[in-house]
Amino acid sequence: MRALAAFLLALVAAPPATADESRYAELARQEARIAAVAYRLTTGSARWCPVAAPQPGWILSDLRRIDAKDRTAAADVYGAPDAPFVAAVAPGSAAERAGLARGMGIAAIDGKTVPVLGDGATVRIDAVIVMLNALAPAAAWTLTDSTGRTYRIDPAPGCASAFRVERDGVQAAANGQLVRLRLDLAQSIADDQELAAVAAHELAHNILRHRARLGGDRSARRVRQTELEADRLSVWLLADAGYEPAAAVRFWNRHKRPLIRAATHPPRSERIAAIEGEIAAMQAARAVDPVAMPAWATKPPPLE
Ligand SMILES: [Zn+2]
């Protein structure tokens, strides 16, 4: 009876969410999962990264990314102002310790106002990322929110890769500084360990500087090489962030569709074999040296 009474009371007390609000609440929920995974991977794998940056442990967003007709619903869900804002905070992160919370607008970093370079949907978020990447990776810094309050953020050095959840576009992509994951892909992966495996694969593309190394020659053979390199490095990144490397095998056994174009991507059987082989190689190497890093990953050979 008491449970029923509490349920009925909740129905009366909470105004029903609109369809738009439910949609953005789901986006915010997936952003929170990705924020947690990304924080663990980028900070846990910091020693693999060619470029380090402060990793507060957040996912940023901007109401400009959202269709004009939906902006009010999204602003209600996030509690966000018209500014780049914190869409999610990772548990245990520097951002959480500093008291940052979902919906907080970002006005300045280390006392410098975040510039608005045009009216593009992501220019204000991108400006924050550029400012963060220019800071000393292992130093404390300050954030000023949209109300003028200042927060001191503890040092949390990590890979200079930001993560973003998108509602359209490719399922997953990495451009060197940013990892993009599509909302429905995140929704289709119920297990956070498997979600970490996908995020680790994309982060591996950035660590291995695949976009730069591919340059203008994105032939199928070279792209396939980068895919297998990213699969192999993801095993080590997962282990160093405290995740199960075998989650990558589980993901590929379950996820039948390729993440991007099938023609340039290795078949699943090849990927699973590469990942299983790498797990065995890692276990052998780390039995001898618990912090071993393979030379092919720290000094990757030229793509052929
Ligand atoms: Zn890939």
# chains A, B, ... in the order shown; residues from 1 in each chain; ligands from 1
>>> closest_atom_pairs(of="chain A", to="ligand 1", cutoff="8 Å", atoms="only C-alpha atoms and all ligand atoms", output="JSON lines")
{"residue": "A:Ala172", "atom": "CA", "partner": "ligand 1", "partner_atom_place_in_ligand_line": "1 (Zn)", "distance": 7.6}
{"residue": "A:Ala173", "atom": "CA", "partner": "ligand 1", "partner_atom_place_in_ligand_line": "1 (Zn)", "distance": 6.9}
{"residue": "A:Ala174", "atom": "CA", "partner": "ligand 1", "partner_atom_place_in_ligand_line": "1 (Zn)", "distance": 7.8}
{"residue": "A:His201", "atom": "CA", "partner": "ligand 1", "partner_atom_place_in_ligand_line": "1 (Zn)", "distance": 6.2}
{"residue": "A:Glu202", "atom": "CA", "partner": "ligand 1", "partner_atom_place_in_ligand_line": "1 (Zn)", "distance": 5.9}
{"residue": "A:His205", "atom": "CA", "partner": "ligand 1", "partner_atom_place_in_ligand_line": "1 (Zn)", "distance": 6.7}
{"residue": "A:Thr226", "atom": "CA", "partner": "ligand 1", "partner_atom_place_in_ligand_line": "1 (Zn)", "distance": 7.2}
{"residue": "A:Glu227", "atom": "CA", "partner": "ligand 1", "partner_atom_place_in_ligand_line": "1 (Zn)", "distance": 4.8}
{"residue": "A:Ala230", "atom": "CA", "partner": "ligand 1", "partner_atom_place_in_ligand_line": "1 (Zn)", "distance": 6.4}
{"residue": "A:Asp231", "atom": "CA", "partner": "ligand 1", "partner_atom_place_in_ligand_line": "1 (Zn)", "distance": 7.6}
{"residue": "A:Leu259", "atom": "CA", "partner": "ligand 1", "partner_atom_place_in_ligand_line": "1 (Zn)", "distance": 7.6}
{"residue": "A:Ile260", "atom": "CA", "partner": "ligand 1", "partner_atom_place_in_ligand_line": "1 (Zn)", "distance": 7.9}
{"residue": "A:His265", "atom": "CA", "partner": "ligand 1", "partner_atom_place_in_ligand_line": "1 (Zn)", "distance": 7.9}
>>> write_last_selection(atoms="N, CA and C atoms", output="mmCIF file, in the first residue's frame")
data_model
loop_
_atom_site.group_PDB
_atom_site.id
_atom_site.type_symbol
_atom_site.label_atom_id
_atom_site.label_comp_id
_atom_site.auth_asym_id
_atom_site.auth_seq_id
_atom_site.Cartn_x
_atom_site.Cartn_y
_atom_site.Cartn_z
ATOM 1 N N ALA A 172 30.376 5.909 -35.245
ATOM 2 C CA ALA A 172 31.508 6.230 -34.381
ATOM 3 C C ALA A 172 32.626 6.767 -35.257
ATOM 4 N N ALA A 173 33.345 7.786 -34.764
ATOM 5 C CA ALA A 173 34.426 8.368 -35.553
ATOM 6 C C ALA A 173 35.411 9.077 -34.639
ATOM 7 N N ALA A 174 36.659 9.202 -35.138
ATOM 8 C CA ALA A 174 37.701 9.892 -34.380
ATOM 9 C C ALA A 174 38.511 10.733 -35.356
ATOM 10 N N HIS A 201 38.491 1.840 -28.808
ATOM 11 C CA HIS A 201 38.876 1.705 -30.219
ATOM 12 C C HIS A 201 38.990 3.099 -30.855
ATOM 13 N N GLU A 202 38.004 3.950 -30.626
ATOM 14 C CA GLU A 202 38.042 5.293 -31.229
ATOM 15 C C GLU A 202 39.179 6.123 -30.642
ATOM 16 N N HIS A 205 42.417 5.307 -32.278
ATOM 17 C CA HIS A 205 42.662 5.995 -33.564
ATOM 18 C C HIS A 205 43.354 7.344 -33.314
ATOM 19 N N THR A 226 44.684 0.577 -40.235
ATOM 20 C CA THR A 226 44.420 1.441 -39.077
ATOM 21 C C THR A 226 43.336 0.832 -38.191
ATOM 22 N N GLU A 227 42.359 0.167 -38.790
ATOM 23 C CA GLU A 227 41.297 -0.459 -37.995
ATOM 24 C C GLU A 227 41.868 -1.550 -37.095
ATOM 25 N N ALA A 230 43.910 -0.078 -34.288
ATOM 26 C CA ALA A 230 43.050 0.481 -33.233
ATOM 27 C C ALA A 230 42.432 -0.634 -32.393
ATOM 28 N N ASP A 231 42.024 -1.724 -33.047
ATOM 29 C CA ASP A 231 41.494 -2.874 -32.292
ATOM 30 C C ASP A 231 42.548 -3.404 -31.322
ATOM 31 N N LEU A 259 30.780 -0.781 -38.065
ATOM 32 C CA LEU A 259 30.506 0.550 -37.524
ATOM 33 C C LEU A 259 30.494 1.594 -38.638
ATOM 34 N N ILE A 260 31.315 1.387 -39.672
ATOM 35 C CA ILE A 260 31.318 2.356 -40.772
ATOM 36 C C ILE A 260 31.200 1.573 -42.073
ATOM 37 N N HIS A 265 36.616 -1.817 -44.017
ATOM 38 C CA HIS A 265 36.806 -2.308 -42.656
ATOM 39 C C HIS A 265 36.960 -3.824 -42.648
#
>>> residues_around(residues="Met282 of chain A", least_positions_apart="3", cutoff="10 Å", atoms="only C-alpha atoms", output="VMD selection string")
chain A and resid 232 235 to 236 239 276 to 279 285 to 287 289 to 290 292 to 294
>>> write_last_selection(atoms="N, CA and C atoms", output="CSV table (one decimal), in the first residue's frame")
chain,number,residue,atom,x,y,z
A,232,ARG,N,43.8,-3.5,-31.8
A,232,ARG,CA,44.8,-4.1,-31.0
A,232,ARG,C,45.2,-3.2,-29.8
A,235,VAL,N,42.9,-3.0,-26.6
A,235,VAL,CA,43.1,-4.0,-25.6
A,235,VAL,C,43.9,-3.5,-24.4
A,236,TRP,N,45.0,-2.8,-24.8
A,236,TRP,CA,45.9,-2.3,-23.8
A,236,TRP,C,45.3,-1.1,-23.0
A,239,ALA,N,42.7,-2.4,-20.5
A,239,ALA,CA,43.4,-3.0,-19.3
A,239,ALA,C,43.9,-1.8,-18.4
A,276,GLU,N,41.8,-11.1,-29.9
A,276,GLU,CA,42.1,-12.3,-29.0
A,276,GLU,C,43.6,-12.5,-29.0
A,277,GLY,N,44.2,-12.3,-30.2
A,277,GLY,CA,45.7,-12.5,-30.3
A,277,GLY,C,46.4,-11.5,-29.4
A,278,GLU,N,45.9,-10.2,-29.5
A,278,GLU,CA,46.5,-9.1,-28.7
A,278,GLU,C,46.3,-9.3,-27.2
A,279,ILE,N,45.2,-9.8,-26.8
A,279,ILE,CA,45.0,-10.1,-25.4
A,279,ILE,C,46.0,-11.1,-24.9
A,285,ALA,N,53.3,-10.4,-22.2
A,285,ALA,CA,54.3,-9.3,-22.0
A,285,ALA,C,54.2,-8.8,-20.6
A,286,ARG,N,53.0,-8.7,-20.0
A,286,ARG,CA,52.8,-8.1,-18.7
A,286,ARG,C,53.1,-9.1,-17.6
A,287,ALA,N,53.2,-10.4,-17.9
A,287,ALA,CA,53.7,-11.4,-16.9
A,287,ALA,C,55.1,-11.1,-16.6
A,289,ASP,N,56.8,-7.9,-17.5
A,289,ASP,CA,56.8,-6.5,-17.1
A,289,ASP,C,55.4,-6.0,-17.0
A,290,PRO,N,55.0,-5.7,-15.8
A,290,PRO,CA,53.6,-5.3,-15.5
A,290,PRO,C,53.2,-4.0,-16.2
A,292,ALA,N,54.4,-3.1,-19.4
A,292,ALA,CA,54.9,-3.2,-20.7
A,292,ALA,C,54.0,-2.5,-21.7
A,293,MET,N,54.7,-1.8,-22.7
A,293,MET,CA,54.0,-1.2,-23.8
A,293,MET,C,54.6,-1.7,-25.1
A,294,PRO,N,53.9,-2.2,-26.1
A,294,PRO,CA,54.5,-2.8,-27.3
A,294,PRO,C,55.0,-1.7,-28.2
>>> residues_around(residues="Ala98 of chain A", least_positions_apart="4", cutoff="8 Å", atoms="only C-alpha atoms", output="ChimeraX atom specification")
/A:94,151-154
>>> residues_around(residues="segment 47-51 of chain A", least_positions_apart="2", cutoff="10 Å", atoms="only C-alpha atoms", output="PyMOL selection string")
chain A and resi 42-45+53+133+137+157-161+177+203-204+206-209+233+236-237+240+293+297-298
>>> write_last_selection(atoms="N, CA and C atoms", output="short mmCIF file (atom, residue, chain, number, x, y, z; two decimals), in the first residue's frame")
data_model
loop_
_atom_site.label_atom_id
_atom_site.label_comp_id
_atom_site.auth_asym_id
_atom_site.auth_seq_id
_atom_site.Cartn_x
_atom_site.Cartn_y
_atom_site.Cartn_z
N THR A 42 40.66 8.12 -20.84
CA THR A 42 41.63 9.17 -21.19
C THR A 42 42.64 9.40 -20.07
N THR A 43 42.21 9.26 -18.80
CA THR A 43 43.17 9.46 -17.71
C THR A 43 43.93 8.16 -17.41
N GLY A 44 43.25 7.01 -17.48
CA GLY A 44 43.91 5.73 -17.18
C GLY A 44 44.95 5.37 -18.23
N SER A 45 44.78 5.91 -19.45
CA SER A 45 45.68 5.58 -20.55
C SER A 45 46.60 6.75 -20.88
N ALA A 53 46.39 16.60 -22.05
CA ALA A 53 45.63 17.82 -21.72
C ALA A 53 44.90 17.59 -20.41
N ASN A 133 43.12 22.39 -24.14
CA ASN A 133 44.30 21.72 -24.70
C ASN A 133 45.55 22.60 -24.63
N PRO A 137 48.99 20.12 -18.85
CA PRO A 137 48.13 18.97 -18.58
C PRO A 137 47.99 18.63 -17.09
N PRO A 157 45.60 14.94 -15.65
CA PRO A 157 46.13 14.83 -17.01
C PRO A 157 45.59 13.59 -17.73
N GLY A 158 45.30 13.74 -18.99
CA GLY A 158 44.81 12.62 -19.79
C GLY A 158 45.09 12.86 -21.26
N CYS A 159 44.67 11.91 -22.08
CA CYS A 159 44.82 12.08 -23.53
C CYS A 159 44.02 13.29 -23.98
N ALA A 160 44.59 14.05 -24.93
CA ALA A 160 43.89 15.22 -25.45
C ALA A 160 42.84 14.78 -26.46
N SER A 161 41.81 14.10 -25.97
CA SER A 161 40.69 13.70 -26.82
C SER A 161 39.40 14.03 -26.07
N GLN A 177 41.40 14.71 -32.43
CA GLN A 177 41.18 15.39 -31.15
C GLN A 177 39.84 15.05 -30.52
N LEU A 203 39.38 6.04 -29.32
CA LEU A 203 40.49 6.76 -28.69
C LEU A 203 41.82 6.28 -29.27
N ALA A 204 41.90 4.97 -29.54
CA ALA A 204 43.14 4.41 -30.11
C ALA A 204 43.45 5.04 -31.47
N ASN A 206 42.92 8.07 -32.28
CA ASN A 206 43.53 9.37 -32.01
C ASN A 206 44.95 9.22 -31.48
N ILE A 207 45.14 8.27 -30.56
CA ILE A 207 46.48 8.07 -29.99
C ILE A 207 47.47 7.67 -31.09
N LEU A 208 47.01 6.84 -32.01
CA LEU A 208 47.88 6.35 -33.09
C LEU A 208 47.95 7.34 -34.25
N ARG A 209 47.32 8.51 -34.09
CA ARG A 209 47.32 9.60 -35.08
C ARG A 209 46.94 9.08 -36.48
N LEU A 233 45.33 -1.87 -30.11
CA LEU A 233 45.68 -0.95 -29.01
C LEU A 233 44.54 -0.85 -28.00
N TRP A 236 44.99 -2.84 -24.78
CA TRP A 236 45.91 -2.29 -23.77
C TRP A 236 45.25 -1.10 -23.04
N LEU A 237 44.54 -0.27 -23.79
CA LEU A 237 43.89 0.89 -23.17
C LEU A 237 42.83 0.44 -22.18
N ASP A 240 44.51 -0.81 -19.02
CA ASP A 240 45.10 0.26 -18.21
C ASP A 240 44.04 1.14 -17.55
N MET A 293 54.66 -1.85 -22.70
CA MET A 293 53.95 -1.21 -23.81
C MET A 293 54.62 -1.70 -25.10
N ALA A 297 53.00 0.01 -31.01
CA ALA A 297 52.00 1.03 -30.67
C ALA A 297 52.64 2.36 -30.30
N THR A 298 53.80 2.31 -29.61
CA THR A 298 54.44 3.56 -29.20
C THR A 298 55.23 4.19 -30.36
#
>>> select_by_dssp(residues="segment 49-266 of chain A", states="strand (DSSP E or B)", output="PyMOL selection string")
chain A and resi 52-54+58-61+85-89+105-109+112-113+141-145+150-153+157-159+162-166+172-174+178-182
>>> write_last_selection(atoms="N, CA and C atoms", output="compact mmCIF listing (two decimals), in the first residue's frame")
# COMPACT_ATOMS: atom_id res chain seq x y z
N ALA A 52 48.97 15.35 -24.25
CA ALA A 52 48.16 15.29 -23.04
C ALA A 52 47.47 16.63 -22.81
N ALA A 53 46.39 16.60 -22.05
CA ALA A 53 45.63 17.82 -21.72
C ALA A 53 44.90 17.59 -20.41
N PRO A 54 44.46 18.66 -19.74
CA PRO A 54 43.62 18.45 -18.56
C PRO A 54 42.34 17.73 -18.99
N TRP A 58 34.22 15.55 -18.23
CA TRP A 58 32.89 16.04 -18.60
C TRP A 58 32.61 15.78 -20.07
N ILE A 59 31.33 15.87 -20.42
CA ILE A 59 30.91 15.95 -21.81
C ILE A 59 30.28 17.33 -21.95
N LEU A 60 30.68 18.05 -22.99
CA LEU A 60 30.14 19.39 -23.20
C LEU A 60 29.04 19.37 -24.27
N SER A 61 28.13 20.30 -24.18
CA SER A 61 27.14 20.44 -25.23
C SER A 61 26.80 21.92 -25.40
N PHE A 85 27.86 24.30 -22.39
CA PHE A 85 27.52 23.88 -21.02
C PHE A 85 27.96 22.44 -20.75
N VAL A 86 27.99 22.12 -19.47
CA VAL A 86 28.36 20.78 -19.01
C VAL A 86 27.13 19.89 -19.16
N ALA A 87 27.21 18.88 -20.07
CA ALA A 87 26.08 17.98 -20.29
C ALA A 87 26.14 16.77 -19.38
N ALA A 88 27.35 16.40 -18.93
CA ALA A 88 27.50 15.25 -18.03
C ALA A 88 28.83 15.37 -17.30
N VAL A 89 28.86 14.84 -16.08
CA VAL A 89 30.07 14.84 -15.25
C VAL A 89 30.37 13.40 -14.85
N GLY A 105 26.74 26.51 -17.37
CA GLY A 105 27.31 27.19 -18.53
C GLY A 105 28.75 27.58 -18.27
N ILE A 106 29.56 27.56 -19.31
CA ILE A 106 30.98 27.88 -19.17
C ILE A 106 31.26 29.23 -19.81
N ALA A 107 31.74 30.18 -19.00
CA ALA A 107 32.00 31.53 -19.50
C ALA A 107 33.48 31.79 -19.73
N ALA A 108 34.33 31.23 -18.86
CA ALA A 108 35.78 31.52 -18.97
C ALA A 108 36.60 30.37 -18.42
N ILE A 109 37.81 30.23 -18.96
CA ILE A 109 38.78 29.23 -18.51
C ILE A 109 40.02 29.99 -18.07
N LYS A 112 40.06 33.63 -18.84
CA LYS A 112 39.93 34.09 -20.23
C LYS A 112 38.55 33.72 -20.75
N THR A 113 37.85 34.72 -21.28
CA THR A 113 36.50 34.48 -21.80
C THR A 113 36.54 33.52 -22.98
N TRP A 141 43.50 24.46 -12.68
CA TRP A 141 43.02 25.59 -13.47
C TRP A 141 41.66 26.02 -12.93
N THR A 142 41.15 27.14 -13.44
CA THR A 142 39.86 27.61 -12.93
C THR A 142 38.85 27.73 -14.05
N LEU A 143 37.61 27.51 -13.67
CA LEU A 143 36.49 27.65 -14.59
C LEU A 143 35.54 28.69 -14.01
N THR A 144 35.07 29.60 -14.85
CA THR A 144 34.05 30.56 -14.44
C THR A 144 32.75 30.19 -15.12
N ASP A 145 31.70 29.99 -14.33
CA ASP A 145 30.43 29.59 -14.94
C ASP A 145 29.65 30.82 -15.43
N THR A 150 33.39 31.12 -9.73
CA THR A 150 34.65 30.48 -10.17
C THR A 150 34.89 29.18 -9.39
N TYR A 151 35.37 28.16 -10.10
CA TYR A 151 35.66 26.85 -9.51
C TYR A 151 37.11 26.50 -9.80
N ARG A 152 37.79 25.92 -8.80
CA ARG A 152 39.16 25.46 -9.03
C ARG A 152 39.10 23.98 -9.39
N ILE A 153 39.70 23.61 -10.51
CA ILE A 153 39.67 22.23 -10.98
C ILE A 153 41.03 21.58 -10.71
N PRO A 157 45.60 14.94 -15.65
CA PRO A 157 46.13 14.83 -17.01
C PRO A 157 45.59 13.59 -17.73
N GLY A 158 45.30 13.74 -18.99
CA GLY A 158 44.81 12.62 -19.79
C GLY A 158 45.09 12.86 -21.26
N CYS A 159 44.67 11.91 -22.08
CA CYS A 159 44.82 12.08 -23.53
C CYS A 159 44.02 13.29 -23.98
N ALA A 162 38.54 14.79 -26.73
CA ALA A 162 37.22 15.07 -26.17
C ALA A 162 36.24 14.04 -26.75
N PHE A 163 35.13 13.83 -26.06
CA PHE A 163 34.10 12.90 -26.52
C PHE A 163 32.79 13.66 -26.69
N ARG A 164 32.00 13.24 -27.69
CA ARG A 164 30.73 13.92 -27.96
C ARG A 164 29.70 12.87 -28.40
N VAL A 165 28.48 13.03 -27.94
CA VAL A 165 27.40 12.14 -28.38
C VAL A 165 26.55 12.91 -29.38
N GLU A 166 26.30 12.28 -30.55
CA GLU A 166 25.54 12.94 -31.61
C GLU A 166 24.29 12.14 -31.94
N ALA A 172 30.38 5.91 -35.24
CA ALA A 172 31.51 6.23 -34.38
C ALA A 172 32.63 6.77 -35.26
N ALA A 173 33.34 7.79 -34.76
CA ALA A 173 34.43 8.37 -35.55
C ALA A 173 35.41 9.08 -34.64
N ALA A 174 36.66 9.20 -35.14
CA ALA A 174 37.70 9.89 -34.38
C ALA A 174 38.51 10.73 -35.36
N LEU A 178 38.92 14.54 -31.34
CA LEU A 178 37.54 14.36 -30.88
C LEU A 178 37.07 12.96 -31.24
N VAL A 179 36.35 12.33 -30.30
CA VAL A 179 35.67 11.06 -30.58
C VAL A 179 34.18 11.35 -30.59
N ARG A 180 33.52 10.96 -31.68
CA ARG A 180 32.06 11.14 -31.79
C ARG A 180 31.39 9.78 -31.77
N LEU A 181 30.38 9.63 -30.94
CA LEU A 181 29.61 8.39 -30.88
C LEU A 181 28.15 8.74 -31.10
N ARG A 182 27.47 7.92 -31.91
CA ARG A 182 26.07 8.23 -32.18
C ARG A 182 25.18 7.66 -31.08
>>> select_by_dssp(residues="segment 4-201 of chain A", states="alpha helix (DSSP H)", output="number ranges by chain")
A: 4-13, 19-44, 71-78, 94-98, 123-133, 183-188, 192-201
>>> closest_residue(among="A:Gly148, A:Pro245, A:Pro266, A:Pro56", to="Ile129 of chain A", atoms="only C-alpha atoms")
A:Pro56
>>> residues_around(residues="segment 183-190 of chain A", least_positions_apart="6", cutoff="8 Å", atoms="only C-alpha atoms", output="list in words")
Leu27, Gln30, Val165, Glu166, Arg167, Asp168 and Gln171 of chain A
>>> closest_residue(among="A:Glu194, A:Ala80, A:Ala138, A:Ala199", to="Ile34 of chain A", atoms="only C-alpha atoms")
A:Ala199
>>> atom_distance(atom1="atom CA of Glu304 of chain A", atom2="atom CA of Ala200 of chain A")
23.8 Å
>>> residues_around(residues="Asp76 of chain A", least_positions_apart="4", cutoff="10 Å", atoms="only C-alpha atoms", output="ChimeraX atom specification")
/A:21,24-25,71-72,80-81,103
>>> write_last_selection(atoms="C-alpha atoms", output="PDB file, in the first residue's frame")
ATOM      1  CA  GLU A  21      11.916  16.083 -22.921  1.00  0.00           C
ATOM      2  CA  TYR A  24      16.716  14.754 -24.355  1.00  0.00           C
ATOM      3  CA  ALA A  25      16.646  13.004 -20.992  1.00  0.00           C
ATOM      4  CA  ARG A  71      15.573  23.930 -27.703  1.00  0.00           C
ATOM      5  CA  THR A  72      13.140  24.764 -24.912  1.00  0.00           C
ATOM      6  CA  ALA A  80      21.334  24.949 -19.476  1.00  0.00           C
ATOM      7  CA  PRO A  81      21.842  28.610 -20.432  1.00  0.00           C
ATOM      8  CA  GLY A 103      23.597  22.330 -17.019  1.00  0.00           C
TER       9      GLY A 103
END
>>> closest_residue(among="A:Lys256, A:Arg149, A:Arg222, A:Arg250", to="Asp192 of chain A", atoms="only C-alpha atoms")
A:Arg250
>>> residues_around(residues="Arg64 of chain A", least_positions_apart="3", cutoff="8 Å", atoms="only C-alpha atoms", output="list in words")
Asp67, Ala68, Gly120, Ala121 and Thr122 of chain A
>>> write_last_selection(atoms="C-alpha atoms", output="CSV table (one decimal), in the first residue's frame")
chain,number,residue,atom,x,y,z
A,67,ASP,CA,16.9,21.9,-33.6
A,68,ALA,CA,15.3,25.3,-32.8
A,120,GLY,CA,28.2,27.2,-35.9
A,121,ALA,CA,26.5,24.6,-33.7
A,122,THR,CA,29.7,23.5,-32.0
